[in-house]
Every structure is written in C-alpha cells, then in structure tokens.
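K.L.:
Following this line is protein_39.pdb, made up of PDB, N, CA and C atoms:
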```
ATOM      1  N   MET Y  10     -25.422   2.999  23.109
ATOM      2  CA  MET Y  10     -24.121   2.602  23.565
ATOM      3  C   MET Y  10     -24.232   1.763  24.834
ATOM      4  N   GLY Y  11     -25.181   2.071  25.667
ATOM      5  CA  GLY Y  11     -25.373   1.327  26.908
ATOM      6  C   GLY Y  11     -25.755  -0.121  26.654
ATOM      7  N   LEU Y  12     -26.470  -0.379  25.558
ATOM      8  CA  LEU Y  12     -26.849  -1.752  25.230
ATOM      9  C   LEU Y  12     -25.630  -2.599  24.874
ATOM     10  N   VAL Y  13     -24.700  -2.012  24.151
ATOM     11  CA  VAL Y  13     -23.490  -2.733  23.753
ATOM     12  C   VAL Y  13     -22.637  -3.046  24.976
ATOM     13  N   VAL Y  14     -22.488  -2.068  25.849
ATOM     14  CA  VAL Y  14     -21.686  -2.267  27.056
ATOM     15  C   VAL Y  14     -22.316  -3.320  27.944
ATOM     16  N   SER Y  15     -23.616  -3.251  28.116
ATOM     17  CA  SER Y  15     -24.279  -4.254  28.963
ATOM     18  C   SER Y  15     -24.213  -5.645  28.329
ATOM     19  N   TRP Y  16     -24.270  -5.712  27.007
ATOM     20  CA  TRP Y  16     -24.160  -7.011  26.329
ATOM     21  C   TRP Y  16     -22.794  -7.635  26.597
ATOM     22  N   PHE Y  17     -21.719  -6.832  26.488
ATOM     23  CA  PHE Y  17     -20.383  -7.344  26.773
ATOM     24  C   PHE Y  17     -20.228  -7.717  28.244
ATOM     25  N   GLN Y  18     -20.781  -6.925  29.146
ATOM     26  CA  GLN Y  18     -20.639  -7.208  30.567
ATOM     27  C   GLN Y  18     -21.352  -8.495  30.959
ATOM     28  N   GLU Y  19     -22.449  -8.808  30.284
ATOM     29  CA  GLU Y  19     -23.157 -10.062  30.559
ATOM     30  C   GLU Y  19     -22.355 -11.278  30.112
ATOM     31  N   ARG Y  20     -21.610 -11.147  29.029
ATOM     32  CA  ARG Y  20     -20.938 -12.290  28.432
ATOM     33  C   ARG Y  20     -19.478 -12.457  28.850
ATOM     34  N   LEU Y  21     -18.860 -11.410  29.347
ATOM     35  CA  LEU Y  21     -17.465 -11.506  29.777
ATOM     36  C   LEU Y  21     -17.395 -11.668  31.293
ATOM     37  N   PRO Y  22     -16.628 -12.629  31.760
ATOM     38  CA  PRO Y  22     -16.535 -12.828  33.214
ATOM     39  C   PRO Y  22     -15.524 -11.885  33.874
ATOM     40  N   ILE Y  23     -15.316 -10.713  33.284
ATOM     41  CA  ILE Y  23     -14.366  -9.743  33.815
ATOM     42  C   ILE Y  23     -15.148  -8.509  34.256
ATOM     43  N   PRO Y  24     -14.896  -8.015  35.448
ATOM     44  CA  PRO Y  24     -15.582  -6.776  35.875
ATOM     45  C   PRO Y  24     -15.211  -5.597  34.983
ATOM     46  N   ALA Y  25     -16.072  -4.608  34.921
ATOM     47  CA  ALA Y  25     -15.878  -3.465  34.024
ATOM     48  C   ALA Y  25     -14.604  -2.708  34.348
ATOM     49  N   HIS Y  26     -14.296  -2.501  35.624
ATOM     50  CA  HIS Y  26     -13.087  -1.746  35.962
ATOM     51  C   HIS Y  26     -11.821  -2.524  35.585
ATOM     52  N   ALA Y  27     -11.846  -3.844  35.684
ATOM     53  CA  ALA Y  27     -10.683  -4.649  35.283
ATOM     54  C   ALA Y  27     -10.522  -4.633  33.760
ATOM     55  N   LEU Y  28     -11.625  -4.691  33.035
ATOM     56  CA  LEU Y  28     -11.567  -4.629  31.579
ATOM     57  C   LEU Y  28     -11.051  -3.265  31.115
ATOM     58  N   ARG Y  29     -11.490  -2.212  31.785
ATOM     59  CA  ARG Y  29     -11.014  -0.869  31.457
ATOM     60  C   ARG Y  29      -9.515  -0.759  31.718
ATOM     61  N   GLU Y  30      -9.055  -1.375  32.796
ATOM     62  CA  GLU Y  30      -7.635  -1.351  33.123
ATOM     63  C   GLU Y  30      -6.813  -2.127  32.087
ATOM     64  N   LEU Y  31      -7.346  -3.233  31.568
ATOM     65  CA  LEU Y  31      -6.646  -4.045  30.573
ATOM     66  C   LEU Y  31      -6.557  -3.358  29.211
ATOM     67  N   THR Y  32      -7.584  -2.619  28.854
ATOM     68  CA  THR Y  32      -7.633  -2.023  27.514
ATOM     69  C   THR Y  32      -7.155  -0.579  27.478
ATOM     70  N   ASN Y  33      -6.797  -0.006  28.599
ATOM     71  CA  ASN Y  33      -6.367   1.389  28.645
ATOM     72  C   ASN Y  33      -4.852   1.453  28.565
ATOM     73  N   GLU Y  34      -4.286   1.067  27.430
ATOM     74  CA  GLU Y  34      -2.850   1.109  27.207
ATOM     75  C   GLU Y  34      -2.513   2.332  26.360
ATOM     76  N   PRO Y  35      -1.464   3.043  26.730
ATOM     77  CA  PRO Y  35      -1.082   4.198  25.908
ATOM     78  C   PRO Y  35      -0.510   3.754  24.565
ATOM     79  N   VAL Y  36      -0.802   4.532  23.532
ATOM     80  CA  VAL Y  36      -0.296   4.250  22.194
ATOM     81  C   VAL Y  36       0.943   5.114  21.969
ATOM     82  N   PRO Y  37       2.064   4.505  21.558
ATOM     83  CA  PRO Y  37       3.264   5.316  21.298
ATOM     84  C   PRO Y  37       3.020   6.329  20.182
ATOM     85  N   ASN Y  38       3.714   7.455  20.254
ATOM     86  CA  ASN Y  38       3.502   8.538  19.288
ATOM     87  C   ASN Y  38       3.825   8.122  17.856
ATOM     88  N   HIS Y  39       4.840   7.271  17.665
ATOM     89  CA  HIS Y  39       5.188   6.903  16.291
ATOM     90  C   HIS Y  39       4.112   6.022  15.650
ATOM     91  N   LEU Y  40       3.226   5.411  16.438
ATOM     92  CA  LEU Y  40       2.143   4.605  15.870
ATOM     93  C   LEU Y  40       0.913   5.442  15.537
ATOM     94  N   LYS Y  41       0.913   6.705  15.896
ATOM     95  CA  LYS Y  41      -0.227   7.570  15.621
ATOM     96  C   LYS Y  41      -0.126   8.250  14.263
ATOM     97  N   ARG Y  42       0.976   8.044  13.568
ATOM     98  CA  ARG Y  42       1.153   8.682  12.264
ATOM     99  C   ARG Y  42       0.411   7.897  11.183
ATOM    100  N   TRP Y  43       0.063   8.584  10.085
ATOM    101  CA  TRP Y  43      -0.733   7.963   9.024
ATOM    102  C   TRP Y  43       0.000   6.809   8.373
ATOM    103  N   TRP Y  44       1.336   6.842   8.333
ATOM    104  CA  TRP Y  44       2.090   5.798   7.651
ATOM    105  C   TRP Y  44       1.831   4.435   8.294
ATOM    106  N   PHE Y  45       1.747   4.396   9.611
ATOM    107  CA  PHE Y  45       1.513   3.139  10.303
ATOM    108  C   PHE Y  45       0.048   2.748  10.261
ATOM    109  N   CYS Y  46      -0.847   3.736  10.233
ATOM    110  CA  CYS Y  46      -2.275   3.422  10.168
ATOM    111  C   CYS Y  46      -2.654   2.873   8.796
ATOM    112  N   LEU Y  47      -2.152   3.510   7.754
ATOM    113  CA  LEU Y  47      -2.484   3.097   6.393
ATOM    114  C   LEU Y  47      -1.745   1.824   6.003
ATOM    115  N   GLY Y  48      -0.540   1.698   6.432
ATOM    116  CA  GLY Y  48       0.281   0.564   6.040
ATOM    117  C   GLY Y  48       1.353   1.041   5.090
ATOM    118  N   GLY Y  49       2.582   0.840   5.456
ATOM    119  CA  GLY Y  49       3.690   1.340   4.660
ATOM    120  C   GLY Y  49       3.796   0.701   3.299
ATOM    121  N   THR Y  50       3.620  -0.595   3.236
ATOM    122  CA  THR Y  50       3.795  -1.295   1.961
ATOM    123  C   THR Y  50       2.740  -0.900   0.924
ATOM    124  N   PRO Y  51       1.445  -0.902   1.261
ATOM    125  CA  PRO Y  51       0.472  -0.473   0.242
ATOM    126  C   PRO Y  51       0.668   0.976  -0.197
ATOM    127  N   ALA Y  52       1.048   1.838   0.731
ATOM    128  CA  ALA Y  52       1.271   3.240   0.352
ATOM    129  C   ALA Y  52       2.467   3.358  -0.585
ATOM    130  N   TYR Y  53       3.530   2.633  -0.294
ATOM    131  CA  TYR Y  53       4.717   2.653  -1.166
ATOM    132  C   TYR Y  53       4.373   2.104  -2.552
ATOM    133  N   LEU Y  54       3.669   0.984  -2.611
ATOM    134  CA  LEU Y  54       3.320   0.389  -3.899
ATOM    135  C   LEU Y  54       2.374   1.283  -4.698
ATOM    136  N   PHE Y  55       1.496   1.988  -4.008
ATOM    137  CA  PHE Y  55       0.609   2.920  -4.703
ATOM    138  C   PHE Y  55       1.417   4.063  -5.310
ATOM    139  N   GLY Y  56       2.417   4.542  -4.579
ATOM    140  CA  GLY Y  56       3.292   5.587  -5.114
ATOM    141  C   GLY Y  56       4.063   5.116  -6.324
ATOM    142  N   VAL Y  57       4.561   3.880  -6.270
ATOM    143  CA  VAL Y  57       5.284   3.313  -7.414
ATOM    144  C   VAL Y  57       4.357   3.193  -8.612
ATOM    145  N   GLN Y  58       3.127   2.791  -8.374
ATOM    146  CA  GLN Y  58       2.167   2.653  -9.470
ATOM    147  C   GLN Y  58       1.862   4.011 -10.109
ATOM    148  N   ILE Y  59       1.763   5.041  -9.311
ATOM    149  CA  ILE Y  59       1.516   6.376  -9.861
ATOM    150  C   ILE Y  59       2.700   6.835 -10.710
ATOM    151  N   VAL Y  60       3.907   6.667 -10.193
ATOM    152  CA  VAL Y  60       5.099   7.111 -10.927
ATOM    153  C   VAL Y  60       5.260   6.338 -12.226
ATOM    154  N   THR Y  61       5.116   5.021 -12.182
ATOM    155  CA  THR Y  61       5.274   4.241 -13.409
ATOM    156  C   THR Y  61       4.147   4.515 -14.402
ATOM    157  N   GLY Y  62       2.966   4.817 -13.913
ATOM    158  CA  GLY Y  62       1.872   5.176 -14.815
ATOM    159  C   GLY Y  62       2.132   6.475 -15.546
ATOM    160  N   ILE Y  63       2.704   7.435 -14.822
ATOM    161  CA  ILE Y  63       3.045   8.708 -15.458
ATOM    162  C   ILE Y  63       4.139   8.503 -16.500
ATOM    163  N   LEU Y  64       5.157   7.714 -16.167
ATOM    164  CA  LEU Y  64       6.221   7.444 -17.136
ATOM    165  C   LEU Y  64       5.702   6.670 -18.345
ATOM    166  N   LEU Y  65       4.793   5.743 -18.113
ATOM    167  CA  LEU Y  65       4.233   4.974 -19.219
ATOM    168  C   LEU Y  65       3.415   5.854 -20.153
ATOM    169  N   ALA Y  66       2.813   6.889 -19.618
ATOM    170  CA  ALA Y  66       2.008   7.791 -20.449
ATOM    171  C   ALA Y  66       2.856   8.498 -21.507
ATOM    172  N   PHE Y  67       4.153   8.644 -21.259
ATOM    173  CA  PHE Y  67       5.027   9.275 -22.250
ATOM    174  C   PHE Y  67       5.298   8.362 -23.446
ATOM    175  N   TYR Y  68       5.278   7.058 -23.244
ATOM    176  CA  TYR Y  68       5.686   6.114 -24.285
ATOM    177  C   TYR Y  68       4.529   5.390 -24.972
ATOM    178  N   TYR Y  69       3.384   5.284 -24.349
ATOM    179  CA  TYR Y  69       2.281   4.493 -24.889
ATOM    180  C   TYR Y  69       1.692   5.119 -26.137
ATOM    181  N   GLU Y  70       1.494   4.301 -27.152
ATOM    182  CA  GLU Y  70       0.829   4.723 -28.385
ATOM    183  C   GLU Y  70      -0.470   3.937 -28.491
ATOM    184  N   PRO Y  71      -1.623   4.601 -28.512
ATOM    185  CA  PRO Y  71      -2.906   3.893 -28.466
ATOM    186  C   PRO Y  71      -3.358   3.256 -29.771
ATOM    187  N   ALA Y  72      -2.570   3.306 -30.817
ATOM    188  CA  ALA Y  72      -2.962   2.675 -32.083
ATOM    189  C   ALA Y  72      -2.878   1.158 -31.944
ATOM    190  N   PRO Y  73      -3.838   0.405 -32.477
ATOM    191  CA  PRO Y  73      -3.830  -1.053 -32.324
ATOM    192  C   PRO Y  73      -2.568  -1.719 -32.871
ATOM    193  N   ALA Y  74      -2.015  -1.177 -33.909
ATOM    194  CA  ALA Y  74      -0.842  -1.812 -34.527
ATOM    195  C   ALA Y  74       0.440  -1.573 -33.714
ATOM    196  N   THR Y  75       0.513  -0.502 -32.967
ATOM    197  CA  THR Y  75       1.758  -0.163 -32.278
ATOM    198  C   THR Y  75       1.663  -0.172 -30.757
ATOM    199  N   ALA Y  76       0.513  -0.493 -30.196
ATOM    200  CA  ALA Y  76       0.334  -0.409 -28.746
ATOM    201  C   ALA Y  76       1.260  -1.371 -28.009
ATOM    202  N   TYR Y  77       1.325  -2.614 -28.439
ATOM    203  CA  TYR Y  77       2.153  -3.600 -27.743
ATOM    204  C   TYR Y  77       3.630  -3.247 -27.839
ATOM    205  N   GLU Y  78       4.077  -2.897 -29.007
ATOM    206  CA  GLU Y  78       5.486  -2.561 -29.196
ATOM    207  C   GLU Y  78       5.886  -1.301 -28.438
ATOM    208  N   SER Y  79       4.955  -0.372 -28.247
ATOM    209  CA  SER Y  79       5.304   0.873 -27.572
ATOM    210  C   SER Y  79       5.564   0.666 -26.083
ATOM    211  N   VAL Y  80       4.964  -0.348 -25.477
ATOM    212  CA  VAL Y  80       5.198  -0.590 -24.046
ATOM    213  C   VAL Y  80       6.105  -1.790 -23.794
ATOM    214  N   ARG Y  81       6.379  -2.567 -24.808
ATOM    215  CA  ARG Y  81       7.246  -3.730 -24.621
ATOM    216  C   ARG Y  81       8.664  -3.298 -24.313
ATOM    217  N   ARG Y  82       9.166  -2.340 -25.016
ATOM    218  CA  ARG Y  82      10.519  -1.850 -24.801
ATOM    219  C   ARG Y  82      10.504  -0.326 -24.952
ATOM    220  N   PRO Y  83      10.028   0.397 -23.910
ATOM    221  CA  PRO Y  83       9.824   1.843 -24.064
ATOM    222  C   PRO Y  83      11.107   2.635 -24.244
ATOM    223  N   THR Y  84      12.251   2.159 -23.739
ATOM    224  CA  THR Y  84      13.477   2.937 -23.879
ATOM    225  C   THR Y  84      14.431   2.300 -24.870
ATOM    226  N   GLY Y  85      13.956   1.396 -25.676
ATOM    227  CA  GLY Y  85      14.818   0.748 -26.647
ATOM    228  C   GLY Y  85      15.691  -0.335 -26.038
ATOM    229  N   GLY Y  86      15.462  -0.684 -24.807
ATOM    230  CA  GLY Y  86      16.221  -1.744 -24.155
ATOM    231  C   GLY Y  86      17.527  -1.294 -23.558
ATOM    232  N   THR Y  87      17.889  -0.044 -23.686
ATOM    233  CA  THR Y  87      19.196   0.396 -23.189
ATOM    234  C   THR Y  87      19.259   0.414 -21.676
ATOM    235  N   VAL Y  88      18.185   0.770 -21.002
ATOM    236  CA  VAL Y  88      18.194   0.799 -19.539
ATOM    237  C   VAL Y  88      18.274  -0.619 -18.993
ATOM    238  N   ALA Y  89      17.470  -1.515 -19.540
ATOM    239  CA  ALA Y  89      17.485  -2.905 -19.063
ATOM    240  C   ALA Y  89      18.823  -3.562 -19.360
ATOM    241  N   ALA Y  90      19.384  -3.297 -20.508
ATOM    242  CA  ALA Y  90      20.656  -3.918 -20.870
ATOM    243  C   ALA Y  90      21.796  -3.397 -20.013
ATOM    244  N   SER Y  91      21.739  -2.154 -19.635
ATOM    245  CA  SER Y  91      22.840  -1.613 -18.835
ATOM    246  C   SER Y  91      22.723  -1.983 -17.371
ATOM    247  N   THR Y  92      21.535  -2.340 -16.894
ATOM    248  CA  THR Y  92      21.376  -2.633 -15.470
ATOM    249  C   THR Y  92      21.523  -4.115 -15.152
ATOM    250  N   ASN Y  93      21.116  -5.003 -16.033
ATOM    251  CA  ASN Y  93      21.165  -6.415 -15.671
ATOM    252  C   ASN Y  93      21.990  -7.273 -16.632
ATOM    253  N   GLY Y  94      22.710  -6.690 -17.518
ATOM    254  CA  GLY Y  94      23.590  -7.443 -18.401
ATOM    255  C   GLY Y  94      22.857  -8.229 -19.491
ATOM    256  N   ALA Y  95      21.606  -7.857 -19.778
ATOM    257  CA  ALA Y  95      20.858  -8.554 -20.813
ATOM    258  C   ALA Y  95      21.407  -8.179 -22.182
ATOM    259  N   PRO Y  96      21.423  -9.131 -23.105
ATOM    260  CA  PRO Y  96      21.950  -8.814 -24.441
ATOM    261  C   PRO Y  96      21.005  -7.878 -25.177
ATOM    262  N   ARG Y  97      21.574  -6.977 -25.952
ATOM    263  CA  ARG Y  97      20.753  -6.054 -26.746
ATOM    264  C   ARG Y  97      20.373  -6.709 -28.045
ATOM    265  N   SER Y  98      19.170  -6.399 -28.483
ATOM    266  CA  SER Y  98      18.739  -6.968 -29.765
ATOM    267  C   SER Y  98      18.438  -5.881 -30.770
TER     268      SER Y  98
END
```
Take the structure from the file and write it as structure tokens.
P.N.:
Amino acid sequence: MGLVVSWFQERLPIPAHALRELTNEPVPNHLKRWWFCLGGTPAYLFGVQIVTGILLAFYYEPAPATAYESVRRPTGGTVAASTNGAPRS
C-alpha cells in the first residue's frame, strides 16, 4: 500500500494532507443503500424480466409446431386489445 501512496505523491503536485482534505467528504445516508449502489434502472429491469419470464412459462409450448403461436398471443389478444384499442382478430 505504501508503494501506491508514494507513487501518487510523486506525481500529484498536492500535499498529502490537502489531498486527504479534498477526498474526505461525507457520504449521505440515502446513497449508502444497495439501490443506489447497484443502480435503480438495471435492478428494476431485472425484476421485470423475472416476472415476465415466470408468466411466459405458463403459456409457452415447447413443440416446434406450436412454439411461435404460443408466445405470439399468449392471452388471445384480449389484454392488448383492451389496453391500446387494437382491433381483435
């Protein structure tokens, strides 16, 4: 560890006590939680992927002839038609 510190001290024109003063900032408590460390968006998207994967497992049929049709319209189109005004076929 002493080698790293001495390497930085040789290359930075800032004294060690001034550098310590610059980098010794308190971290707010809300930034210490895992949500901010991990990243809210990737964690949310991972949760969505888990939920949709579980729901897809109920409808997927692994037979080659029916696999595409089983996931193309898993609820018969009623949910999509009622939410966005798409015509039913």
K.L.:
What does the distance from CA of Arg20 (chain Y) to CA of Glu34 (chain Y) come to in Å, to one decimal?
P.N.:
22.5 Å
K.L.:
Could you give me the residues within region 37-66 of chain Y that DSSP places in alpha helix (DSSP H), as a PyMOL selection string?
P.N.:
chain Y and resi 43-47+49-66
K.L.:
Would you compute the distance between CA of Leu40 (chain Y) and CA of Val57 (chain Y)? Give it in Å to one decimal.
P.N.:
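CA of Val57 (chain Y) lies at a distance of 23.5 Å from CA of Leu40 (chain Y).
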